[in-house]
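Q: coords_2.txt is reproduced in full below (compact mmCIF, C-alpha atoms).
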```txt
# COMPACT_ATOMS: atom_id res chain seq x y z
CA MET Y 1 -176.46 -51.32 -84.30
CA ASN Y 2 -180.00 -52.05 -83.20
CA ASP Y 3 -181.36 -55.62 -83.39
CA LEU Y 4 -183.27 -55.97 -86.68
CA LEU Y 5 -186.18 -57.57 -84.81
CA ALA Y 6 -186.44 -54.60 -82.47
CA PRO Y 7 -187.74 -51.12 -83.38
CA PRO Y 8 -185.18 -48.89 -85.11
CA LEU Y 9 -183.24 -46.34 -83.12
CA ALA Y 10 -183.07 -42.70 -84.24
CA LEU Y 11 -180.85 -39.80 -83.30
CA ILE Y 12 -181.75 -36.14 -83.86
CA ALA Y 13 -179.04 -33.49 -84.22
CA GLU Y 14 -180.54 -30.00 -83.92
CA ASP Y 15 -179.10 -26.98 -82.12
CA GLU Y 16 -182.49 -25.35 -81.51
CA PRO Y 17 -184.14 -27.25 -78.60
CA LEU Y 18 -187.71 -26.33 -79.53
CA LEU Y 19 -187.24 -27.53 -83.10
CA ALA Y 20 -185.66 -30.76 -81.87
CA GLN Y 21 -188.55 -31.32 -79.45
CA HIS Y 22 -191.09 -30.61 -82.18
CA LEU Y 23 -189.44 -33.05 -84.61
CA GLY Y 24 -189.30 -35.71 -81.91
CA GLN Y 25 -193.01 -35.30 -81.14
CA MET Y 26 -193.92 -35.49 -84.83
CA LEU Y 27 -191.80 -38.62 -85.29
CA ARG Y 28 -193.50 -40.36 -82.37
CA LYS Y 29 -196.89 -39.70 -83.97
CA ALA Y 30 -195.83 -40.70 -87.48
CA TRP Y 31 -193.85 -43.79 -86.42
CA PRO Y 32 -194.80 -44.94 -82.89
CA GLU Y 33 -192.42 -47.92 -83.03
CA LEU Y 34 -189.40 -45.69 -83.61
CA THR Y 35 -187.20 -45.20 -80.54
CA LEU Y 36 -185.46 -41.84 -80.14
CA CYS Y 37 -182.17 -42.68 -78.44
CA ASP Y 38 -180.67 -39.18 -78.17
CA VAL Y 39 -180.86 -35.52 -79.20
CA ALA Y 40 -177.54 -33.85 -79.97
CA GLU Y 41 -177.13 -30.08 -79.77
CA ASP Y 42 -174.39 -29.72 -82.37
CA GLY Y 43 -172.44 -31.65 -84.99
CA ILE Y 44 -169.60 -32.63 -82.69
CA GLN Y 45 -171.96 -34.07 -80.06
CA ALA Y 46 -173.91 -35.81 -82.84
CA VAL Y 47 -170.81 -37.68 -84.01
CA GLN Y 48 -169.89 -38.72 -80.48
CA SER Y 49 -173.41 -39.89 -79.68
CA ALA Y 50 -173.84 -41.76 -82.97
CA LEU Y 51 -170.59 -43.66 -82.54
CA ALA Y 52 -171.53 -44.57 -78.96
CA ARG Y 53 -175.17 -45.52 -79.53
CA ARG Y 54 -175.05 -46.84 -83.13
CA PRO Y 55 -178.51 -45.60 -84.16
CA ASP Y 56 -180.24 -46.87 -87.29
CA ILE Y 57 -181.48 -43.47 -88.52
CA LEU Y 58 -179.91 -40.03 -88.27
CA PHE Y 59 -181.87 -36.78 -88.57
CA PHE Y 60 -179.14 -34.15 -89.05
CA ASP Y 61 -179.80 -30.44 -89.24
CA ILE Y 62 -177.50 -28.94 -91.86
CA ARG Y 63 -176.84 -25.70 -90.03
CA MET Y 64 -175.25 -26.47 -86.66
CA PRO Y 65 -172.42 -24.86 -84.68
CA GLY Y 66 -169.03 -26.54 -84.61
CA GLN Y 67 -169.81 -28.88 -87.50
CA THR Y 68 -172.50 -28.74 -90.14
CA GLY Y 69 -174.71 -31.76 -90.67
CA LEU Y 70 -172.77 -32.62 -93.82
CA GLU Y 71 -169.44 -32.40 -92.00
CA ALA Y 72 -170.74 -34.54 -89.13
CA ALA Y 73 -172.00 -37.16 -91.57
CA ALA Y 74 -168.65 -37.14 -93.36
CA GLU Y 75 -166.79 -37.69 -90.10
CA LEU Y 76 -169.12 -40.55 -89.22
CA VAL Y 77 -168.54 -42.25 -92.57
CA ASP Y 78 -164.82 -42.17 -91.88
CA ALA Y 79 -165.09 -43.44 -88.29
CA TRP Y 80 -167.95 -45.94 -88.69
CA PRO Y 81 -167.06 -49.63 -88.12
CA GLU Y 82 -167.11 -51.59 -91.37
CA ASP Y 83 -168.97 -54.52 -89.78
CA THR Y 84 -171.92 -52.33 -88.75
CA PRO Y 85 -174.53 -51.08 -91.27
CA PHE Y 86 -174.34 -47.33 -91.66
CA PRO Y 87 -177.49 -45.46 -90.55
CA ALA Y 88 -180.04 -43.98 -92.92
CA LEU Y 89 -179.35 -40.24 -93.28
CA VAL Y 90 -182.10 -37.63 -93.33
CA PHE Y 91 -180.97 -34.01 -93.59
CA VAL Y 92 -183.10 -31.21 -92.17
CA THR Y 93 -182.56 -27.99 -94.11
CA ALA Y 94 -183.83 -24.47 -94.55
CA TYR Y 95 -181.91 -23.99 -97.78
CA ASP Y 96 -183.12 -22.93 -101.18
CA GLN Y 97 -184.03 -25.03 -104.20
CA TYR Y 98 -180.40 -25.29 -105.32
CA ALA Y 99 -179.45 -27.31 -102.23
CA ILE Y 100 -182.65 -29.37 -102.29
CA GLU Y 101 -182.01 -30.40 -105.90
CA ALA Y 102 -178.55 -31.58 -104.87
CA PHE Y 103 -180.02 -33.76 -102.11
CA GLU Y 104 -182.69 -35.18 -104.42
CA ALA Y 105 -180.16 -35.98 -107.13
CA GLN Y 106 -178.14 -38.09 -104.68
CA ALA Y 107 -181.17 -39.92 -103.22
CA MET Y 108 -180.56 -38.27 -99.86
CA ASP Y 109 -183.82 -37.80 -98.04
CA TYR Y 110 -184.38 -34.40 -96.53
CA LEU Y 111 -186.91 -32.41 -94.53
CA LEU Y 112 -187.45 -28.77 -95.33
CA LYS Y 113 -187.97 -26.41 -92.39
CA PRO Y 114 -190.56 -25.84 -91.08
CA VAL Y 115 -191.20 -29.58 -91.11
CA THR Y 116 -194.79 -30.47 -91.97
CA ALA Y 117 -196.64 -33.60 -90.93
CA ALA Y 118 -197.33 -34.55 -94.56
CA ARG Y 119 -193.67 -34.28 -95.61
CA LEU Y 120 -192.51 -36.15 -92.52
CA LEU Y 121 -194.99 -38.95 -93.24
CA HIS Y 122 -193.51 -39.26 -96.75
CA THR Y 123 -190.03 -39.59 -95.23
CA VAL Y 124 -191.24 -42.08 -92.60
CA ASN Y 125 -192.84 -44.24 -95.29
CA ARG Y 126 -189.53 -44.35 -97.17
CA LEU Y 127 -187.69 -45.19 -93.97
CA ARG Y 128 -190.15 -47.95 -93.10
CA GLN Y 129 -189.54 -49.54 -96.50
CA TRP Y 130 -185.79 -49.17 -96.04
CA TRP Y 131 -186.01 -50.77 -92.59
CA THR Y 132 -187.87 -53.83 -93.84
CA GLN Y 133 -185.24 -54.36 -96.54
CA ARG Y 134 -182.25 -53.73 -94.34
CA GLN Y 135 -181.77 -57.33 -93.21
CA ALA Y 136 -180.79 -58.33 -96.75
CA ARG Y 137 -178.16 -55.61 -97.01
CA ASP Y 138 -174.47 -56.07 -96.41
CA ALA Y 139 -172.94 -53.76 -93.79
CA GLY Y 140 -170.12 -52.76 -96.12
CA ALA Y 141 -172.56 -51.99 -98.93
CA ALA Y 142 -174.53 -49.62 -96.69
CA LEU Y 143 -171.36 -47.77 -95.76
CA GLN Y 144 -170.23 -47.52 -99.39
CA LEU Y 145 -173.63 -46.18 -100.43
CA ALA Y 146 -173.49 -43.42 -97.82
CA LEU Y 147 -169.91 -42.69 -98.84
CA ARG Y 148 -170.82 -42.32 -102.52
CA GLN Y 149 -173.74 -40.07 -101.70
CA LEU Y 150 -171.62 -37.78 -99.53
CA GLN Y 151 -168.89 -37.68 -102.16
CA GLN Y 152 -171.44 -36.37 -104.64
CA LEU Y 153 -172.47 -33.71 -102.12
CA GLN Y 154 -168.91 -32.46 -101.64
CA PRO Y 155 -169.54 -29.29 -103.70
CA LEU Y 156 -171.99 -28.20 -101.00
CA MET Y 157 -169.28 -28.74 -98.38
CA ARG Y 158 -166.93 -26.38 -100.22
CA THR Y 159 -169.40 -23.49 -100.40
CA PRO Y 160 -170.83 -21.03 -97.84
CA LEU Y 161 -174.03 -23.06 -98.19
CA ALA Y 162 -172.49 -25.83 -96.11
CA SER Y 163 -171.71 -23.48 -93.24
CA GLY Y 164 -175.18 -22.02 -93.05
CA SER Y 165 -175.14 -19.12 -95.49
CA PRO Y 166 -177.80 -19.72 -98.12
CA ALA Y 167 -176.52 -19.10 -101.61
CA GLY Y 168 -177.73 -20.05 -105.03
CA PRO Y 169 -175.88 -21.17 -108.13
CA THR Y 170 -175.70 -17.59 -109.41
CA SER Y 171 -173.61 -16.39 -106.45
CA PRO Y 172 -170.24 -15.13 -107.71
CA ALA Y 173 -167.36 -17.44 -106.93
CA PRO Y 174 -164.58 -15.88 -104.83
CA GLN Y 175 -161.29 -15.20 -106.55
CA PRO Y 176 -158.63 -17.84 -105.84
CA LEU Y 177 -156.47 -16.90 -102.89
CA GLN Y 178 -152.94 -15.74 -103.77
CA TRP Y 179 -151.54 -14.85 -100.35
CA VAL Y 180 -152.20 -15.76 -96.73
CA GLN Y 181 -151.44 -13.15 -94.07
CA ALA Y 182 -149.97 -14.65 -90.92
CA SER Y 183 -149.13 -12.56 -87.86
CA VAL Y 184 -146.08 -13.43 -85.77
CA GLY Y 185 -145.66 -10.94 -82.96
CA ASN Y 186 -145.66 -7.49 -84.55
CA THR Y 187 -144.80 -8.86 -87.99
CA ILE Y 188 -147.26 -9.86 -90.71
CA HIS Y 189 -145.87 -12.52 -93.02
CA MET Y 190 -147.21 -12.70 -96.56
CA VAL Y 191 -147.23 -16.42 -97.35
CA ALA Y 192 -147.66 -17.20 -101.04
CA VAL Y 193 -150.34 -19.84 -101.60
CA ASN Y 194 -148.01 -21.63 -104.05
CA ASP Y 195 -145.52 -22.07 -101.19
CA ILE Y 196 -148.03 -23.82 -98.94
CA VAL Y 197 -147.52 -27.57 -98.63
CA TYR Y 198 -150.61 -28.21 -96.51
CA LEU Y 199 -153.07 -26.61 -94.10
CA GLU Y 200 -154.37 -28.28 -90.98
CA ALA Y 201 -157.13 -27.24 -88.58
CA ALA Y 202 -155.89 -27.05 -84.97
CA ASP Y 203 -158.39 -25.98 -82.30
CA LYS Y 204 -159.21 -22.32 -83.02
CA TYR Y 205 -156.35 -21.94 -85.49
CA VAL Y 206 -155.22 -23.26 -88.84
CA ARG Y 207 -151.62 -24.39 -89.26
CA VAL Y 208 -150.12 -23.15 -92.51
CA LEU Y 209 -147.06 -25.20 -93.42
CA THR Y 210 -144.55 -24.42 -96.11
CA ALA Y 211 -141.43 -26.47 -96.86
CA THR Y 212 -139.47 -24.75 -94.10
CA GLN Y 213 -141.89 -22.77 -91.94
CA GLU Y 214 -145.11 -23.02 -89.98
CA PHE Y 215 -147.60 -20.25 -89.24
CA LEU Y 216 -150.85 -20.06 -87.28
CA ILE Y 217 -153.82 -18.10 -88.56
CA ARG Y 218 -157.31 -17.60 -87.13
CA THR Y 219 -159.26 -17.89 -90.39
CA PRO Y 220 -161.32 -21.13 -90.24
CA LEU Y 221 -160.27 -23.83 -92.68
CA LYS Y 222 -163.72 -23.93 -94.28
CA GLU Y 223 -163.38 -20.21 -95.15
CA LEU Y 224 -159.96 -20.77 -96.70
CA LEU Y 225 -161.18 -23.82 -98.59
CA VAL Y 226 -163.67 -21.91 -100.73
CA GLN Y 227 -160.89 -19.52 -101.78
CA LEU Y 228 -158.47 -22.23 -102.87
CA ASP Y 229 -158.33 -23.74 -106.34
CA PRO Y 230 -159.75 -27.29 -105.92
CA VAL Y 231 -157.52 -28.51 -108.74
CA GLN Y 232 -154.39 -27.40 -106.89
CA PHE Y 233 -155.52 -28.03 -103.31
CA TRP Y 234 -157.05 -31.35 -102.33
CA GLN Y 235 -158.95 -31.89 -99.13
CA VAL Y 236 -157.78 -35.25 -97.81
CA HIS Y 237 -159.43 -35.10 -94.40
CA ARG Y 238 -162.04 -32.97 -92.66
CA GLY Y 239 -159.24 -30.89 -91.14
CA THR Y 240 -156.49 -31.23 -93.75
CA VAL Y 241 -155.98 -29.65 -97.18
CA VAL Y 242 -152.87 -30.49 -99.24
CA ARG Y 243 -151.36 -28.87 -102.32
CA ALA Y 244 -151.59 -31.66 -104.89
CA ALA Y 245 -148.19 -30.87 -106.37
CA GLY Y 246 -146.67 -31.36 -102.92
CA ILE Y 247 -147.82 -34.98 -102.66
CA ALA Y 248 -145.00 -37.43 -103.33
CA SER Y 249 -146.93 -40.68 -102.95
CA ALA Y 250 -150.00 -42.33 -101.44
CA ARG Y 251 -149.87 -45.65 -99.61
CA ARG Y 252 -152.73 -47.99 -98.77
CA ASP Y 253 -152.24 -50.21 -95.70
CA GLU Y 254 -153.62 -53.71 -95.12
CA THR Y 255 -156.94 -52.30 -93.86
CA GLY Y 256 -157.39 -50.17 -96.98
CA ARG Y 257 -156.61 -46.88 -95.26
CA LEU Y 258 -154.61 -44.31 -97.21
CA THR Y 259 -151.81 -42.00 -96.13
CA VAL Y 260 -149.88 -39.53 -98.25
CA ALA Y 261 -146.19 -38.67 -98.11
CA LEU Y 262 -145.07 -35.16 -98.98
CA ARG Y 263 -142.24 -33.94 -101.21
CA GLU Y 264 -141.04 -31.10 -99.02
CA ARG Y 265 -141.99 -32.15 -95.50
CA PRO Y 266 -141.42 -35.30 -93.41
CA GLU Y 267 -145.00 -35.76 -92.18
CA THR Y 268 -147.40 -38.37 -93.52
CA LEU Y 269 -151.06 -37.36 -93.62
CA ALA Y 270 -154.11 -39.58 -93.19
CA VAL Y 271 -156.70 -39.65 -95.97
CA SER Y 272 -160.30 -40.15 -94.86
CA ARG Y 273 -162.73 -42.49 -96.63
CA LEU Y 274 -164.66 -39.55 -98.02
CA TYR Y 275 -161.69 -38.16 -99.95
CA ALA Y 276 -159.96 -41.41 -100.90
CA GLN Y 277 -161.55 -41.37 -104.38
CA GLN Y 278 -158.94 -38.81 -105.41
CA PHE Y 279 -156.48 -41.72 -105.34
CA LYS Y 280 -158.84 -44.20 -106.99
CA SER Y 281 -156.18 -45.43 -109.44
CA MET Y 282 -154.35 -47.10 -106.58
```
Taking this structure as input, can you express it in the form of structure tokens?
A:
Amino acid sequence: MNDLLAPPLALIAEDEPLLAQHLGQMLRKAWPELTLCDVAEDGIQAVQSALARRPDILFFDIRMPGQTGLEAAAELVDAWPEDTPFPALVFVTAYDQYAIEAFEAQAMDYLLKPVTAARLLHTVNRLRQWWTQRQARDAGAALQLALRQLQQLQPLMRTPLASGSPAGPTSPAPQPLQWVQASVGNTIHMVAVNDIVYLEAADKYVRVLTATQEFLIRTPLKELLVQLDPVQFWQVHRGTVVRAAGIASARRDETGRLTVALRERPETLAVSRLYAQQFKSM
């Protein structure tokens, strides 16, 4: 975290170098005291850089390779130290009014592409006010605020909108998935969705685990997620989705972290901060 008496530090995450350079130049004009500590080219690099440099403000493009801006922010919320105030989040988006209304409703500031000097000045003025008030804020409160805001934006994470495919509220919802096709050698296994205990992202594959078997498929987890019934399948981590009926219990350790035990498998699965509200009765 930057010293409160020093100028704030900002990090830009944008996969298009010219757009990142342009935003940086505009920020220097609108807020000369602001220090740009790094420019990340994708969501994964943004998370790594933010955890290493502890900036005060994050400008995250929504549409980035590897991880979207929302996914990167969610990972940061889970990994951020509790004794350090969480950065202010500003999302940069080219999405339609549906997405913008979602950001506005959750008090998330945003910049619409192409970024204009007038809109950026509005954002900078809000950030200046936030910066002057930050000293009175508790580090844990800042983290909880960001967590609540991202929790309210979870519907965007479960739609093609979050992966860079603009879509409005009238887009037809996909039919719930009934079967998953998994190839093993020359054989294609038809795995019933109701038999799945959990799914886990693993490099370029997704592990599909039933009570007795494990399969690897190439379909990205985010594509499977939008086809699964959210009542039956709970996302408990950025890379883990569990069938709710397959959860035997949830345990909270002395640090407040949650893990779940499964009915039909021996593994225990970590629950990230972002998804812990599903076990709020504990």
Q: Compile the contact shell of region 118-123 of chain Y as a short mmCIF file (atom, residue, chain, number, x, y, z; two decimals) with C-alpha atoms, in the coordinates of the input: residues with an atom at most 12 Å away, counting all atoms listed in the file, same-chain residues fewer than 2 positions apart removed.
A:
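Just written: part-v7.cif:
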```cif
data_model
loop_
_atom_site.label_atom_id
_atom_site.label_comp_id
_atom_site.auth_asym_id
_atom_site.auth_seq_id
_atom_site.Cartn_x
_atom_site.Cartn_y
_atom_site.Cartn_z
CA HIS Y 22 -191.09 -30.61 -82.18
CA LEU Y 23 -189.44 -33.05 -84.61
CA GLY Y 24 -189.30 -35.71 -81.91
CA GLN Y 25 -193.01 -35.30 -81.14
CA MET Y 26 -193.92 -35.49 -84.83
CA LEU Y 27 -191.80 -38.62 -85.29
CA ARG Y 28 -193.50 -40.36 -82.37
CA LYS Y 29 -196.89 -39.70 -83.97
CA ALA Y 30 -195.83 -40.70 -87.48
CA TRP Y 31 -193.85 -43.79 -86.42
CA PRO Y 32 -194.80 -44.94 -82.89
CA ILE Y 57 -181.48 -43.47 -88.52
CA PHE Y 59 -181.87 -36.78 -88.57
CA ALA Y 88 -180.04 -43.98 -92.92
CA LEU Y 89 -179.35 -40.24 -93.28
CA VAL Y 90 -182.10 -37.63 -93.33
CA PHE Y 91 -180.97 -34.01 -93.59
CA VAL Y 92 -183.10 -31.21 -92.17
CA ALA Y 107 -181.17 -39.92 -103.22
CA MET Y 108 -180.56 -38.27 -99.86
CA ASP Y 109 -183.82 -37.80 -98.04
CA TYR Y 110 -184.38 -34.40 -96.53
CA LEU Y 111 -186.91 -32.41 -94.53
CA LEU Y 112 -187.45 -28.77 -95.33
CA LYS Y 113 -187.97 -26.41 -92.39
CA PRO Y 114 -190.56 -25.84 -91.08
CA VAL Y 115 -191.20 -29.58 -91.11
CA THR Y 116 -194.79 -30.47 -91.97
CA ASN Y 125 -192.84 -44.24 -95.29
CA ARG Y 126 -189.53 -44.35 -97.17
CA LEU Y 127 -187.69 -45.19 -93.97
CA ARG Y 128 -190.15 -47.95 -93.10
CA GLN Y 129 -189.54 -49.54 -96.50
CA TRP Y 130 -185.79 -49.17 -96.04
#
```
Q: Determine, counting all atoms listed in the file, which protein, DNA and RNA residues have an atom within 12 Å of an atom of Glu214 (chain Y); residues of the same chain fewer than 4 positions away are not included. Present the result as an MDAnalysis selection string.
A: chainID Y and resid 182:184 189 191 195:200 206:210 265
Q: At what distance in Å, to one decimal, does CA of Ala13 (chain Y) lie from CA of Leu224 (chain Y)?
A: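 For CA of Leu224 (chain Y) relative to CA of Ala13 (chain Y), the distance reads 26.1 Å.
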Q: Write out, as a Markdown table, each residue of region 15-45 of chain Y that has an atom at most 12 Å from region 73-81 of chain Y, together with the closest pair of atoms and their distance in Å to one decimal, counting all atoms listed in the file, rows going by chain and rising number.
A:
```
| residue | atom | partner | partner_atom | distance |
| --- | --- | --- | --- | --- |
| Y:Gly43 | CA | Y:Ala73 | CA | 8.6 |
| Y:Ile44 | CA | Y:Glu75 | CA | 9.4 |
| Y:Gln45 | CA | Y:Leu76 | CA | 11.6 |
```
Q: Which residues are near Arg238 (chain Y)? Cut-off 12 Å, all atoms listed in the file, ignore same chain within fewer than 3 positions. Put them as a PDB file with C-alpha atoms, in the coordinates of the input.
A:
```
ATOM      1  CA  GLN Y  67    -169.810 -28.880 -87.500  1.00  0.00           C
ATOM      2  CA  THR Y  68    -172.500 -28.740 -90.140  1.00  0.00           C
ATOM      3  CA  LEU Y  70    -172.770 -32.620 -93.820  1.00  0.00           C
ATOM      4  CA  GLU Y  71    -169.440 -32.400 -92.000  1.00  0.00           C
ATOM      5  CA  ALA Y  72    -170.740 -34.540 -89.130  1.00  0.00           C
ATOM      6  CA  ALA Y  73    -172.000 -37.160 -91.570  1.00  0.00           C
ATOM      7  CA  ALA Y  74    -168.650 -37.140 -93.360  1.00  0.00           C
ATOM      8  CA  GLU Y  75    -166.790 -37.690 -90.100  1.00  0.00           C
ATOM      9  CA  LEU Y  76    -169.120 -40.550 -89.220  1.00  0.00           C
ATOM     10  CA  VAL Y  77    -168.540 -42.250 -92.570  1.00  0.00           C
ATOM     11  CA  ASP Y  78    -164.820 -42.170 -91.880  1.00  0.00           C
ATOM     12  CA  ALA Y  79    -165.090 -43.440 -88.290  1.00  0.00           C
ATOM     13  CA  GLN Y 154    -168.910 -32.460-101.640  1.00  0.00           C
ATOM     14  CA  MET Y 157    -169.280 -28.740 -98.380  1.00  0.00           C
ATOM     15  CA  ARG Y 158    -166.930 -26.380-100.220  1.00  0.00           C
ATOM     16  CA  LEU Y 199    -153.070 -26.610 -94.100  1.00  0.00           C
ATOM     17  CA  GLU Y 200    -154.370 -28.280 -90.980  1.00  0.00           C
ATOM     18  CA  ALA Y 201    -157.130 -27.240 -88.580  1.00  0.00           C
ATOM     19  CA  ALA Y 202    -155.890 -27.050 -84.970  1.00  0.00           C
ATOM     20  CA  LEU Y 221    -160.270 -23.830 -92.680  1.00  0.00           C
ATOM     21  CA  LYS Y 222    -163.720 -23.930 -94.280  1.00  0.00           C
ATOM     22  CA  LEU Y 225    -161.180 -23.820 -98.590  1.00  0.00           C
ATOM     23  CA  TRP Y 234    -157.050 -31.350-102.330  1.00  0.00           C
ATOM     24  CA  GLN Y 235    -158.950 -31.890 -99.130  1.00  0.00           C
ATOM     25  CA  VAL Y 241    -155.980 -29.650 -97.180  1.00  0.00           C
ATOM     26  CA  VAL Y 242    -152.870 -30.490 -99.240  1.00  0.00           C
ATOM     27  CA  LEU Y 269    -151.060 -37.360 -93.620  1.00  0.00           C
ATOM     28  CA  ALA Y 270    -154.110 -39.580 -93.190  1.00  0.00           C
ATOM     29  CA  VAL Y 271    -156.700 -39.650 -95.970  1.00  0.00           C
ATOM     30  CA  SER Y 272    -160.300 -40.150 -94.860  1.00  0.00           C
ATOM     31  CA  ARG Y 273    -162.730 -42.490 -96.630  1.00  0.00           C
ATOM     32  CA  LEU Y 274    -164.660 -39.550 -98.020  1.00  0.00           C
ATOM     33  CA  TYR Y 275    -161.690 -38.160 -99.950  1.00  0.00           C
ATOM     34  CA  ALA Y 276    -159.960 -41.410-100.900  1.00  0.00           C
TER      35      ALA Y 276
END
```
Q: Excluding Leu11 (chain Y) and its own-chain neighbours fewer than 6 positions away, which residues fall within 7 Å of it when counting all atoms listed in the file? Please give them as an mmCIF file with C-alpha atoms, keeping the file's coordinate frame.
A:
```
data_model
loop_
_atom_site.group_PDB
_atom_site.id
_atom_site.type_symbol
_atom_site.label_atom_id
_atom_site.label_comp_id
_atom_site.auth_asym_id
_atom_site.auth_seq_id
_atom_site.Cartn_x
_atom_site.Cartn_y
_atom_site.Cartn_z
ATOM 1 C CA LEU Y 36 -185.460 -41.840 -80.140
ATOM 2 C CA CYS Y 37 -182.170 -42.680 -78.440
ATOM 3 C CA ASP Y 38 -180.670 -39.180 -78.170
ATOM 4 C CA VAL Y 39 -180.860 -35.520 -79.200
ATOM 5 C CA PRO Y 55 -178.510 -45.600 -84.160
ATOM 6 C CA ILE Y 57 -181.480 -43.470 -88.520
ATOM 7 C CA LEU Y 58 -179.910 -40.030 -88.270
ATOM 8 C CA PHE Y 59 -181.870 -36.780 -88.570
#
```
Q: Taking 2 positions as the minimum chain separation for residues in the same chain, which residues sit within 10 Å of Arg54 (chain Y) when counting all atoms listed in the file? Answer as a VMD selection string.
A: chain Y and resid 1 to 2 9 to 11 37 48 to 52 56 to 58 80 to 81 84 to 87
Q: Please measure the separation of CA of Gly256 (chain Y) and CA of Arg148 (chain Y), giving the value in Å to one decimal.
A: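 So the two atoms, CA of Gly256 (chain Y) and CA of Arg148 (chain Y), lie 16.5 Å apart.
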Q: Compare Y:Thr219, Y:Thr35, Y:Asn186, Y:Thr268 by their minimum atom-to-atom distance to Tyr205 (chain Y), counting only C-alpha atoms, and give me the closest one.
A: Y:Thr219
Q: Have a look at CA of Gln181 (chain Y) and CA of Glu267 (chain Y) and let me know their distance in Å, one decimal.
A: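 Computing the Euclidean distance for CA of Gln181 (chain Y) and CA of Glu267 (chain Y) yields 23.6 Å.
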Q: Hey, which of Y:Leu153, Y:Ala40, Y:Ala20, Y:Ala139 ends up closest to Pro65 (chain Y)? Count all atoms listed in the file.
A: Y:Ala40
Q: Choose the residue, out of Y:Glu14, Y:Glu41, Y:Asp83, Y:Glu264, that has the smallest atom-to-atom separation from Ile62 (chain Y); count only C-alpha atoms.
A: Y:Glu14
